[in-house]
Amino acid sequence: MKMKYAFRILPAFVAAGMLAGCSKNPVTGKKEIVFMSQEKEIALGAESHPSIVATMGIYDDKNLQSFINEKGMAMAKISHRPDLPYKFFIVDSPVVNAFAVPGGYVYFTRGIMAHFNNEAEFAGVLGHEIGHITARHSARQQTSQIFGQVGLAAGMILSPQVRALGDQAQQALGLLFLSYSRDHETESDKIGVDYSSKIGYDAREMADFFGTLKRISEKAGQAIPTFQSTHPDPGDRFTKVGKLAAEYQAAHPGKYNVNRDVYLRKIEGIIYGADPQQGFVENNNFYHPSLKFQFPVPSGWQYENSPAQFQMAAKDGKSMMLFTLAQGKTLEEASQAVVKNYGLKVLENDKTTINGNPALVMVSQQSEQGANGQAAAATANTIQVGTWLIQYGGNIYAIHGVAAAGNYAANAGQFRSVAQGFKSVSDANILNRQPERIRIKTAQRDATLREVLKDNNQPDGKLDELAIINGMALTDKVAKGSLFKTLGK
Ligand SMILES: [Zn+2]
């Protein structure tokens with residue numbers, strides 16, 4: 001089994017302890033209070049990394065990985081802090097984003113890699129992210145967004161205790177939603193221009209990429225443009241970065257590369273959008289082809305799938321369910337881990353089988369004090385949790401149904417029918433479901449982008465999206481022999 005398809009157990013996320021001190025800013029040269037020593041920064045990156053990998057997964061592409069390593073190390077060398085232990089990764093997320101963690105960890109999503117149209121755009125964003133590290137920008141995490149965006153917030157505000165169930169994944173995913181002050185973003189844009197120019201790229205392309213981000217954000221319902229949304233207005237940035245790039249090139253005349261074709265060849269075949277092999281919902285069922293199981297999704301419920309967990313919640317926000325991989329080698333070990341991790345008091349505990357798979361059912365309560373390990377009488381804030389632990393295919397899965405204690409009985413039947421609906425999948429149509437991929441084609445004639453896309457049987461409903469992916473308008477001319485992106489299996 002390929003790890004990238006597994007539901008993963010999240011390692012404990014270690015929050016950054018802050019150490020204040022006074023030191024010189026490596027970029028500005030000014031003295032300033034810094035809240036973290038270099039050792040602390042490096043430790044933070046190293047500690048966050050396993051959670052990021054567990055939550056999002058690493059996108060497995062050796063060519064692309066060696067490309068970002070090569071450019072990343074070249075840029076690290078000319079940066080203000082060449083001695084940090086930089087590391088560069090492509091995470092397996094369709095979201096269009098890039099982010100950096102103090103200490104030198106830089107991440108690109110496969111979504112943003114699919115949207116770049118040349119090496120210079122990539123280098124500009126690389127420079128921007130390295131800039132956050134070298135200028136020691138302190139980031140705030142906007143963890144609430146991850147659930148807010150799909151309407152699961154309702155399910156998550158039942159109480160702080162319910163939130164604890166999702167917190168580990170949320171904290172790691174929160175790194176996707178790092179937000180900096182506007183001044184820091186502006187400073188990083190400038191650093192991005194300098195760094196990408198210094199390693200030989202045309203920084204005007206970085207400005208163009210802000211145009212792509214703006215178009216993604218305007219087109220609702222596809223990749224979530226967080227890179228853009230937590231940043232200053234891309235229109236402003238387009239103008240500012242374009243001006244900075246022109247100034248840089250005027251002051252340092254030379255050859256600045258764009259490298260379009262060579263980049264497009266590198267992303268041939270990259271997965272675009274959600275990968276159904278990591279799970280998808282269809283006809284009120286959640287299917288996980290690579291792990292070969294399914295369970296029902298109650299009609300009208302909202303849901304969110306990530307490599308670490310599948311969550312769903314009723315529209316009224318009064319009940320939610322969480323599906324994840326359990327810790328432990330046996331059902332007993334798994335139940336002990338659940339009780340300990342969530343600070344639960346067990347009311348019932350039974351062995352059973354679910355569609356032939358060994359299982360353990362548990363009903364427990366978590367009161368406000370319960371999470372701290374202190375017993376407390378049930379109150380209006382007490383949460384009741386039904387947990388089904390199911391042994392299947394070499395793993396133990398946990399399905400939790402969560403509601404306020406007073407409301408649990410009303411939801412128990414719904415929770416039970418989801419858990420008892422857990423079973424294997426053998427339907428080839430489900431198991432063989434393949435993701436869409438970027439396919440690079442060559443224009444066979446001088447025509448518009450629309451015409452060459454139609455020449456390659458791209459559906460009408462996808463043309464607007466394809467224009468954005470190509471960083472062009474559908475009416476733009478494509479010369480015979482030039483490359484462009486299409487979508488295919
Ligand atoms: Zn930024």
# chains A, B, ... in the order shown; residues from 1 in each chain; ligands from 1
>>> residues_near_ligand(ligand="ligand 1", cutoff="7 Å", atoms="only C-alpha atoms and all ligand atoms", output="short mmCIF file (atom, residue, chain, number, x, y, z; two decimals) with N, CA and C atoms, in the first residue's frame")
data_model
loop_
_atom_site.label_atom_id
_atom_site.label_comp_id
_atom_site.auth_asym_id
_atom_site.auth_seq_id
_atom_site.Cartn_x
_atom_site.Cartn_y
_atom_site.Cartn_z
N HIS A 128 9.52 34.56 -2.83
CA HIS A 128 8.59 35.16 -1.87
C HIS A 128 8.55 34.33 -0.58
N GLU A 129 8.47 33.02 -0.72
CA GLU A 129 8.39 32.15 0.47
C GLU A 129 9.70 32.14 1.24
N HIS A 132 9.93 35.13 3.41
CA HIS A 132 9.28 35.08 4.73
C HIS A 132 10.22 34.48 5.77
N TYR A 180 0.24 36.48 6.94
CA TYR A 180 1.23 37.45 7.39
C TYR A 180 0.60 38.84 7.29
N GLU A 185 4.00 40.83 3.59
CA GLU A 185 3.76 40.33 2.23
C GLU A 185 4.45 41.22 1.20
N SER A 188 8.07 40.53 1.30
CA SER A 188 8.40 39.25 0.66
C SER A 188 8.29 39.32 -0.86
N HIS A 231 -3.24 37.22 1.16
CA HIS A 231 -2.21 38.15 0.71
C HIS A 231 -2.86 39.45 0.24
#
>>> residues_around(residues="Gln444 (chain A)", least_positions_apart="5", cutoff="8 Å", atoms="only C-alpha atoms", output="list in words")
Val452, Lys480 and Gly481 of chain A
>>> write_last_selection(atoms="C-alpha atoms", output="mmCIF file, in the first residue's frame")
data_model
loop_
_atom_site.group_PDB
_atom_site.id
_atom_site.type_symbol
_atom_site.label_atom_id
_atom_site.label_comp_id
_atom_site.auth_asym_id
_atom_site.auth_seq_id
_atom_site.Cartn_x
_atom_site.Cartn_y
_atom_site.Cartn_z
ATOM 1 C CA VAL A 452 -6.444 24.461 -30.065
ATOM 2 C CA LYS A 480 1.715 26.488 -34.471
ATOM 3 C CA GLY A 481 4.268 24.294 -32.675
#
>>> select_by_dssp(residues="region 186-434 of chain A", states="helix (DSSP H, G or I)", output="count of residues only")
95
>>> closest_residue(among="A:Arg204, A:His400, A:Lys477, A:Lys219", to="Gln309 (chain A)", atoms="only C-alpha atoms")
A:His400
>>> residues_around(residues="region 457-473 of chain A", least_positions_apart="3", cutoff="12 Å", atoms="only C-alpha atoms", output="PDB file with N, CA and C atoms, in the first residue's frame")
ATOM      1  N   VAL A  96      -4.304  25.715  -4.551  1.00  0.00           N
ATOM      2  CA  VAL A  96      -3.213  26.483  -5.163  1.00  0.00           C
ATOM      3  C   VAL A  96      -2.542  27.303  -4.077  1.00  0.00           C
ATOM      4  N   GLY A 111      -1.144  21.623  -6.636  1.00  0.00           N
ATOM      5  CA  GLY A 111      -2.076  22.552  -7.289  1.00  0.00           C
ATOM      6  C   GLY A 111      -1.371  23.780  -7.841  1.00  0.00           C
ATOM      7  N   ILE A 112      -0.441  24.338  -7.084  1.00  0.00           N
ATOM      8  CA  ILE A 112       0.244  25.542  -7.585  1.00  0.00           C
ATOM      9  C   ILE A 112       1.245  25.146  -8.677  1.00  0.00           C
ATOM     10  N   MET A 113       1.873  23.969  -8.536  1.00  0.00           N
ATOM     11  CA  MET A 113       2.821  23.525  -9.571  1.00  0.00           C
ATOM     12  C   MET A 113       2.111  23.350 -10.914  1.00  0.00           C
ATOM     13  N   ALA A 114       0.838  22.879 -10.854  1.00  0.00           N
ATOM     14  CA  ALA A 114       0.065  22.676 -12.083  1.00  0.00           C
ATOM     15  C   ALA A 114      -0.329  24.013 -12.715  1.00  0.00           C
ATOM     16  N   HIS A 115      -0.409  25.056 -11.896  1.00  0.00           N
ATOM     17  CA  HIS A 115      -0.834  26.362 -12.402  1.00  0.00           C
ATOM     18  C   HIS A 115       0.306  27.245 -12.908  1.00  0.00           C
ATOM     19  N   PHE A 116       1.545  26.980 -12.478  1.00  0.00           N
ATOM     20  CA  PHE A 116       2.655  27.761 -13.036  1.00  0.00           C
ATOM     21  C   PHE A 116       2.768  27.457 -14.521  1.00  0.00           C
ATOM     22  N   ASN A 117       3.145  28.478 -15.296  1.00  0.00           N
ATOM     23  CA  ASN A 117       3.327  28.258 -16.726  1.00  0.00           C
ATOM     24  C   ASN A 117       4.765  28.387 -17.187  1.00  0.00           C
ATOM     25  N   ASN A 118       5.664  28.649 -16.252  1.00  0.00           N
ATOM     26  CA  ASN A 118       7.087  28.674 -16.605  1.00  0.00           C
ATOM     27  C   ASN A 118       7.914  28.662 -15.319  1.00  0.00           C
ATOM     28  N   GLU A 121       7.843  31.988 -13.038  1.00  0.00           N
ATOM     29  CA  GLU A 121       6.719  32.155 -12.086  1.00  0.00           C
ATOM     30  C   GLU A 121       7.003  31.374 -10.807  1.00  0.00           C
ATOM     31  N   GLU A 205       7.510  37.794 -14.652  1.00  0.00           N
ATOM     32  CA  GLU A 205       6.611  36.632 -14.707  1.00  0.00           C
ATOM     33  C   GLU A 205       5.912  36.401 -13.370  1.00  0.00           C
ATOM     34  N   MET A 206       6.591  36.756 -12.290  1.00  0.00           N
ATOM     35  CA  MET A 206       5.994  36.636 -10.957  1.00  0.00           C
ATOM     36  C   MET A 206       4.761  37.551 -10.892  1.00  0.00           C
ATOM     37  N   ALA A 207       4.896  38.739 -11.461  1.00  0.00           N
ATOM     38  CA  ALA A 207       3.754  39.656 -11.512  1.00  0.00           C
ATOM     39  C   ALA A 207       2.602  39.013 -12.281  1.00  0.00           C
ATOM     40  N   ASP A 208       2.924  38.380 -13.413  1.00  0.00           N
ATOM     41  CA  ASP A 208       1.872  37.729 -14.211  1.00  0.00           C
ATOM     42  C   ASP A 208       1.140  36.659 -13.416  1.00  0.00           C
ATOM     43  N   PHE A 209       1.880  35.963 -12.544  1.00  0.00           N
ATOM     44  CA  PHE A 209       1.233  34.893 -11.797  1.00  0.00           C
ATOM     45  C   PHE A 209       0.170  35.443 -10.841  1.00  0.00           C
ATOM     46  N   PHE A 210       0.351  36.678 -10.384  1.00  0.00           N
ATOM     47  CA  PHE A 210      -0.701  37.274  -9.551  1.00  0.00           C
ATOM     48  C   PHE A 210      -1.997  37.433 -10.344  1.00  0.00           C
ATOM     49  N   GLY A 211      -1.848  37.622 -11.651  1.00  0.00           N
ATOM     50  CA  GLY A 211      -3.029  37.669 -12.524  1.00  0.00           C
ATOM     51  C   GLY A 211      -3.756  36.331 -12.501  1.00  0.00           C
ATOM     52  N   THR A 212      -3.001  35.230 -12.556  1.00  0.00           N
ATOM     53  CA  THR A 212      -3.594  33.891 -12.488  1.00  0.00           C
ATOM     54  C   THR A 212      -4.314  33.701 -11.154  1.00  0.00           C
ATOM     55  N   LEU A 213      -3.675  34.125 -10.065  1.00  0.00           N
ATOM     56  CA  LEU A 213      -4.284  33.968  -8.732  1.00  0.00           C
ATOM     57  C   LEU A 213      -5.600  34.730  -8.644  1.00  0.00           C
ATOM     58  N   LYS A 214      -5.616  35.920  -9.227  1.00  0.00           N
ATOM     59  CA  LYS A 214      -6.829  36.736  -9.194  1.00  0.00           C
ATOM     60  C   LYS A 214      -7.962  36.024  -9.937  1.00  0.00           C
ATOM     61  N   ARG A 215      -7.619  35.411 -11.065  1.00  0.00           N
ATOM     62  CA  ARG A 215      -8.642  34.712 -11.845  1.00  0.00           C
ATOM     63  C   ARG A 215      -9.145  33.475 -11.101  1.00  0.00           C
ATOM     64  N   ILE A 216      -8.247  32.773 -10.417  1.00  0.00           N
ATOM     65  CA  ILE A 216      -8.671  31.595  -9.656  1.00  0.00           C
ATOM     66  C   ILE A 216      -9.652  32.030  -8.572  1.00  0.00           C
ATOM     67  N   SER A 217      -9.322  33.138  -7.896  1.00  0.00           N
ATOM     68  CA  SER A 217     -10.169  33.567  -6.780  1.00  0.00           C
ATOM     69  C   SER A 217     -11.524  34.040  -7.280  1.00  0.00           C
ATOM     70  N   GLU A 218     -11.567  34.530  -8.494  1.00  0.00           N
ATOM     71  CA  GLU A 218     -12.844  35.006  -9.035  1.00  0.00           C
ATOM     72  C   GLU A 218     -13.720  33.861  -9.517  1.00  0.00           C
ATOM     73  N   LYS A 219     -13.086  32.744  -9.838  1.00  0.00           N
ATOM     74  CA  LYS A 219     -13.850  31.600 -10.326  1.00  0.00           C
ATOM     75  C   LYS A 219     -14.183  30.716  -9.129  1.00  0.00           C
ATOM     76  N   ALA A 220     -15.412  30.722  -8.737  1.00  0.00           N
ATOM     77  CA  ALA A 220     -15.811  29.995  -7.518  1.00  0.00           C
ATOM     78  C   ALA A 220     -15.834  28.490  -7.757  1.00  0.00           C
ATOM     79  N   GLY A 221     -15.734  27.774  -6.650  1.00  0.00           N
ATOM     80  CA  GLY A 221     -16.026  26.346  -6.711  1.00  0.00           C
ATOM     81  C   GLY A 221     -14.932  25.432  -7.180  1.00  0.00           C
ATOM     82  N   GLN A 222     -13.736  25.941  -7.379  1.00  0.00           N
ATOM     83  CA  GLN A 222     -12.646  25.004  -7.680  1.00  0.00           C
ATOM     84  C   GLN A 222     -11.522  25.180  -6.660  1.00  0.00           C
ATOM     85  N   ALA A 223     -10.294  25.044  -7.071  1.00  0.00           N
ATOM     86  CA  ALA A 223      -9.186  25.143  -6.119  1.00  0.00           C
ATOM     87  C   ALA A 223      -9.331  26.404  -5.272  1.00  0.00           C
ATOM     88  N   ARG A 260       9.635  28.553 -20.419  1.00  0.00           N
ATOM     89  CA  ARG A 260       8.258  28.068 -20.462  1.00  0.00           C
ATOM     90  C   ARG A 260       8.190  26.596 -20.865  1.00  0.00           C
ATOM     91  N   LEU A 264       6.812  23.354 -18.740  1.00  0.00           N
ATOM     92  CA  LEU A 264       5.588  22.611 -19.112  1.00  0.00           C
ATOM     93  C   LEU A 264       5.880  21.120 -19.290  1.00  0.00           C
ATOM     94  N   TYR A 272      -4.303  16.828 -11.368  1.00  0.00           N
ATOM     95  CA  TYR A 272      -4.994  18.113 -11.276  1.00  0.00           C
ATOM     96  C   TYR A 272      -6.323  17.916 -10.537  1.00  0.00           C
ATOM     97  N   GLY A 273      -6.591  18.751  -9.537  1.00  0.00           N
ATOM     98  CA  GLY A 273      -7.848  18.634  -8.790  1.00  0.00           C
ATOM     99  C   GLY A 273      -7.792  17.483  -7.797  1.00  0.00           C
ATOM    100  N   ARG A 437      -5.345  14.714 -15.103  1.00  0.00           N
ATOM    101  CA  ARG A 437      -3.937  15.116 -15.126  1.00  0.00           C
ATOM    102  C   ARG A 437      -3.721  16.207 -16.162  1.00  0.00           C
ATOM    103  N   ILE A 438      -2.707  17.016 -15.920  1.00  0.00           N
ATOM    104  CA  ILE A 438      -2.296  18.008 -16.912  1.00  0.00           C
ATOM    105  C   ILE A 438      -1.600  17.254 -18.056  1.00  0.00           C
ATOM    106  N   ARG A 439      -2.088  17.478 -19.281  1.00  0.00           N
ATOM    107  CA  ARG A 439      -1.455  16.872 -20.452  1.00  0.00           C
ATOM    108  C   ARG A 439      -0.986  17.998 -21.363  1.00  0.00           C
ATOM    109  N   ILE A 440       0.306  18.011 -21.649  1.00  0.00           N
ATOM    110  CA  ILE A 440       0.887  19.067 -22.478  1.00  0.00           C
ATOM    111  C   ILE A 440       0.775  18.672 -23.956  1.00  0.00           C
ATOM    112  N   LYS A 441       0.205  19.584 -24.748  1.00  0.00           N
ATOM    113  CA  LYS A 441       0.018  19.312 -26.186  1.00  0.00           C
ATOM    114  C   LYS A 441       0.743  20.376 -27.008  1.00  0.00           C
ATOM    115  N   THR A 448      -6.527  30.284 -32.026  1.00  0.00           N
ATOM    116  CA  THR A 448      -6.726  30.814 -30.671  1.00  0.00           C
ATOM    117  C   THR A 448      -6.591  29.669 -29.682  1.00  0.00           C
ATOM    118  N   LEU A 449      -6.437  30.043 -28.397  1.00  0.00           N
ATOM    119  CA  LEU A 449      -6.372  29.008 -27.359  1.00  0.00           C
ATOM    120  C   LEU A 449      -7.634  28.156 -27.407  1.00  0.00           C
ATOM    121  N   ARG A 450      -8.809  28.825 -27.572  1.00  0.00           N
ATOM    122  CA  ARG A 450     -10.073  28.076 -27.634  1.00  0.00           C
ATOM    123  C   ARG A 450     -10.018  27.018 -28.745  1.00  0.00           C
ATOM    124  N   GLU A 451      -9.513  27.424 -29.912  1.00  0.00           N
ATOM    125  CA  GLU A 451      -9.489  26.491 -31.050  1.00  0.00           C
ATOM    126  C   GLU A 451      -8.544  25.307 -30.811  1.00  0.00           C
ATOM    127  N   VAL A 452      -7.367  25.598 -30.268  1.00  0.00           N
ATOM    128  CA  VAL A 452      -6.444  24.461 -30.065  1.00  0.00           C
ATOM    129  C   VAL A 452      -6.938  23.537 -28.945  1.00  0.00           C
ATOM    130  N   LEU A 453      -7.654  24.115 -27.959  1.00  0.00           N
ATOM    131  CA  LEU A 453      -8.239  23.252 -26.911  1.00  0.00           C
ATOM    132  C   LEU A 453      -9.317  22.366 -27.524  1.00  0.00           C
ATOM    133  N   LYS A 454     -10.151  22.952 -28.400  1.00  0.00           N
ATOM    134  CA  LYS A 454     -11.214  22.163 -29.058  1.00  0.00           C
ATOM    135  C   LYS A 454     -10.599  21.112 -29.994  1.00  0.00           C
ATOM    136  N   ASP A 476      -6.648  34.432 -26.910  1.00  0.00           N
ATOM    137  CA  ASP A 476      -5.217  34.631 -27.190  1.00  0.00           C
ATOM    138  C   ASP A 476      -4.759  33.704 -28.315  1.00  0.00           C
ATOM    139  N   LYS A 477      -3.812  34.204 -29.091  1.00  0.00           N
ATOM    140  CA  LYS A 477      -3.276  33.420 -30.210  1.00  0.00           C
ATOM    141  C   LYS A 477      -2.240  32.415 -29.717  1.00  0.00           C
ATOM    142  N   VAL A 478      -2.320  31.215 -30.257  1.00  0.00           N
ATOM    143  CA  VAL A 478      -1.317  30.188 -29.966  1.00  0.00           C
ATOM    144  C   VAL A 478      -0.643  29.849 -31.298  1.00  0.00           C
ATOM    145  N   LEU A 483       3.543  24.985 -27.093  1.00  0.00           N
ATOM    146  CA  LEU A 483       2.947  24.064 -26.111  1.00  0.00           C
ATOM    147  C   LEU A 483       1.815  24.730 -25.331  1.00  0.00           C
ATOM    148  N   PHE A 484       0.846  23.932 -24.897  1.00  0.00           N
ATOM    149  CA  PHE A 484      -0.217  24.424 -24.014  1.00  0.00           C
ATOM    150  C   PHE A 484      -0.729  23.253 -23.189  1.00  0.00           C
ATOM    151  N   LYS A 485      -1.489  23.588 -22.102  1.00  0.00           N
ATOM    152  CA  LYS A 485      -1.986  22.554 -21.194  1.00  0.00           C
ATOM    153  C   LYS A 485      -3.402  22.113 -21.559  1.00  0.00           C
ATOM    154  N   THR A 486      -3.638  20.825 -21.461  1.00  0.00           N
ATOM    155  CA  THR A 486      -5.000  20.285 -21.550  1.00  0.00           C
ATOM    156  C   THR A 486      -5.216  19.413 -20.314  1.00  0.00           C
ATOM    157  N   LEU A 487      -6.451  18.933 -20.116  1.00  0.00           N
ATOM    158  CA  LEU A 487      -6.740  17.996 -19.034  1.00  0.00           C
ATOM    159  C   LEU A 487      -7.122  16.652 -19.633  1.00  0.00           C
ATOM    160  N   GLY A 488      -6.598  15.589 -19.051  1.00  0.00           N
ATOM    161  CA  GLY A 488      -6.934  14.257 -19.523  1.00  0.00           C
ATOM    162  C   GLY A 488      -6.635  13.248 -18.442  1.00  0.00           C
ATOM    163  N   LYS A 489      -6.959  11.982 -18.722  1.00  0.00           N
ATOM    164  CA  LYS A 489      -6.703  10.938 -17.716  1.00  0.00           C
ATOM    165  C   LYS A 489      -5.247  10.475 -17.828  1.00  0.00           C
TER     166      LYS A 489
END
>>> closest_residue(among="A:Lys198, A:His184, A:Lys62, A:His49", to="Gly124 (chain A)", atoms="only C-alpha atoms")
A:Lys198
>>> residues_around(residues="Ile90 (chain A)", least_positions_apart="2", cutoff="10 Å", atoms="only C-alpha atoms", output="number ranges by chain")
A: 53, 56-61, 64-65, 68, 88, 92-93, 98, 106-113
>>> select_by_dssp(residues="region 203-399 of chain A", states="strand (DSSP E)", output="VMD selection string")
chain A and resid 271 to 272 280 to 282 285 to 288 293 to 296 302 to 305 309 to 313 319 to 325 345 to 354 357 to 366 383 to 392 395 to 399
>>> atom_distance(atom1="CA of Gln391 (chain A)", atom2="CA of Lys423 (chain A)")
10.8 Å
>>> closest_residue(among="A:Lys243, A:Lys255, A:Lys292, A:Lys345", to="Val363 (chain A)", atoms="only C-alpha atoms")
A:Lys345
>>> closest_residue(among="A:Ala359, A:Arg237, A:Phe122, A:Arg445", to="Thr330 (chain A)", atoms="only C-alpha atoms")
A:Ala359
>>> residues_around(residues="Ala398 (chain A)", least_positions_apart="2", cutoff="7 Å", atoms="only C-alpha atoms", output="list in words")
Phe323, Thr324, Leu325, Ala326, Thr387, Trp388, Leu389, Ile390, Ile396 and His400 of chain A
>>> write_last_selection(atoms="N, CA, C and O atoms", output="short mmCIF file (atom, residue, chain, number, x, y, z; two decimals), in the first residue's frame")
data_model
loop_
_atom_site.label_atom_id
_atom_site.label_comp_id
_atom_site.auth_asym_id
_atom_site.auth_seq_id
_atom_site.Cartn_x
_atom_site.Cartn_y
_atom_site.Cartn_z
N PHE A 323 -14.21 10.31 10.64
CA PHE A 323 -13.65 9.01 10.29
C PHE A 323 -12.15 9.16 10.19
O PHE A 323 -11.66 10.05 9.50
N THR A 324 -11.43 8.29 10.86
CA THR A 324 -9.98 8.40 10.82
C THR A 324 -9.33 7.06 11.10
O THR A 324 -10.01 6.10 11.45
N LEU A 325 -8.03 7.00 10.90
CA LEU A 325 -7.28 5.79 11.25
C LEU A 325 -7.07 5.81 12.75
O LEU A 325 -6.76 6.84 13.32
N ALA A 326 -7.26 4.64 13.40
CA ALA A 326 -7.08 4.59 14.86
C ALA A 326 -5.65 4.20 15.19
O ALA A 326 -4.95 3.60 14.38
N THR A 387 -18.39 5.62 19.36
CA THR A 387 -17.18 5.27 18.60
C THR A 387 -17.27 3.84 18.10
O THR A 387 -17.58 2.93 18.87
N TRP A 388 -17.05 3.66 16.83
CA TRP A 388 -16.99 2.32 16.25
C TRP A 388 -15.57 2.11 15.76
O TRP A 388 -15.08 2.88 14.93
N LEU A 389 -14.89 1.11 16.32
CA LEU A 389 -13.54 0.77 15.88
C LEU A 389 -13.65 -0.49 15.03
O LEU A 389 -14.23 -1.49 15.48
N ILE A 390 -13.15 -0.44 13.82
CA ILE A 390 -13.35 -1.53 12.87
C ILE A 390 -12.00 -1.99 12.31
O ILE A 390 -11.22 -1.18 11.81
N ILE A 396 -6.93 -0.40 11.65
CA ILE A 396 -8.11 -0.20 12.49
C ILE A 396 -8.61 1.21 12.23
O ILE A 396 -7.85 2.18 12.34
N HIS A 400 -16.39 8.14 14.65
CA HIS A 400 -16.98 8.79 15.82
C HIS A 400 -18.23 9.54 15.40
O HIS A 400 -18.21 10.28 14.42
#
>>> residues_around(residues="Ser196 (chain A)", least_positions_apart="6", cutoff="7 Å", atoms="only C-alpha atoms", output="ChimeraX atom specification")
/A:123-124,127,203
>>> write_last_selection(atoms="N, CA, C and O atoms", output="CSV table (one decimal), in the first residue's frame")
chain,number,residue,atom,x,y,z
A,123,ALA,N,9.9,30.5,-9.7
A,123,ALA,CA,11.1,31.1,-9.0
A,123,ALA,C,10.6,32.4,-8.2
A,123,ALA,O,11.1,32.6,-7.1
A,124,GLY,N,9.7,33.1,-8.7
A,124,GLY,CA,9.1,34.3,-8.0
A,124,GLY,C,8.5,33.9,-6.7
A,124,GLY,O,8.7,34.5,-5.6
A,127,GLY,N,11.0,32.7,-4.2
A,127,GLY,CA,11.7,33.8,-3.6
A,127,GLY,C,10.8,34.5,-2.5
A,127,GLY,O,11.3,34.8,-1.5
A,203,ALA,N,11.7,38.3,-13.3
A,203,ALA,CA,10.7,38.5,-12.2
A,203,ALA,C,9.4,39.1,-12.7
A,203,ALA,O,8.4,39.2,-11.9
>>> closest_residue(among="A:His288, A:Arg265, A:His137, A:Lys190", to="Tyr248 (chain A)", atoms="only C-alpha atoms")
A:Lys190
>>> decode(residues="region 414-426 of chain A", atoms="N, CA and C atoms", output="PDB file, in the first residue's frame")
ATOM      1  N   GLN A 414     -28.758   7.461  13.420  1.00  0.00           N
ATOM      2  CA  GLN A 414     -28.018   7.941  12.236  1.00  0.00           C
ATOM      3  C   GLN A 414     -26.557   7.513  12.304  1.00  0.00           C
ATOM      4  N   PHE A 415     -25.933   7.738  13.473  1.00  0.00           N
ATOM      5  CA  PHE A 415     -24.525   7.363  13.661  1.00  0.00           C
ATOM      6  C   PHE A 415     -24.346   5.860  13.416  1.00  0.00           C
ATOM      7  N   ARG A 416     -25.280   5.071  14.023  1.00  0.00           N
ATOM      8  CA  ARG A 416     -25.167   3.611  13.930  1.00  0.00           C
ATOM      9  C   ARG A 416     -25.280   3.158  12.473  1.00  0.00           C
ATOM     10  N   SER A 417     -26.192   3.764  11.731  1.00  0.00           N
ATOM     11  CA  SER A 417     -26.380   3.275  10.364  1.00  0.00           C
ATOM     12  C   SER A 417     -25.173   3.622   9.476  1.00  0.00           C
ATOM     13  N   VAL A 418     -24.492   4.722   9.769  1.00  0.00           N
ATOM     14  CA  VAL A 418     -23.260   5.032   9.038  1.00  0.00           C
ATOM     15  C   VAL A 418     -22.197   3.976   9.364  1.00  0.00           C
ATOM     16  N   ALA A 419     -21.987   3.736  10.672  1.00  0.00           N
ATOM     17  CA  ALA A 419     -20.942   2.795  11.089  1.00  0.00           C
ATOM     18  C   ALA A 419     -21.229   1.385  10.580  1.00  0.00           C
ATOM     19  N   GLN A 420     -22.505   0.988  10.659  1.00  0.00           N
ATOM     20  CA  GLN A 420     -22.844  -0.374  10.226  1.00  0.00           C
ATOM     21  C   GLN A 420     -22.843  -0.496   8.705  1.00  0.00           C
ATOM     22  N   GLY A 421     -22.767   0.641   8.034  1.00  0.00           N
ATOM     23  CA  GLY A 421     -22.684   0.626   6.566  1.00  0.00           C
ATOM     24  C   GLY A 421     -21.250   0.523   6.070  1.00  0.00           C
ATOM     25  N   PHE A 422     -20.282   0.482   6.999  1.00  0.00           N
ATOM     26  CA  PHE A 422     -18.878   0.345   6.595  1.00  0.00           C
ATOM     27  C   PHE A 422     -18.673  -1.038   5.988  1.00  0.00           C
ATOM     28  N   LYS A 423     -18.177  -1.086   4.767  1.00  0.00           N
ATOM     29  CA  LYS A 423     -17.915  -2.389   4.144  1.00  0.00           C
ATOM     30  C   LYS A 423     -16.878  -2.271   3.036  1.00  0.00           C
ATOM     31  N   SER A 424     -16.473  -3.416   2.513  1.00  0.00           N
ATOM     32  CA  SER A 424     -15.456  -3.433   1.465  1.00  0.00           C
ATOM     33  C   SER A 424     -16.045  -2.955   0.144  1.00  0.00           C
ATOM     34  N   VAL A 425     -15.178  -2.526  -0.769  1.00  0.00           N
ATOM     35  CA  VAL A 425     -15.586  -2.153  -2.131  1.00  0.00           C
ATOM     36  C   VAL A 425     -14.933  -3.111  -3.106  1.00  0.00           C
ATOM     37  N   SER A 426     -15.705  -3.637  -4.023  1.00  0.00           N
ATOM     38  CA  SER A 426     -15.093  -4.497  -5.036  1.00  0.00           C
ATOM     39  C   SER A 426     -15.444  -4.045  -6.454  1.00  0.00           C
TER      40      SER A 426
END
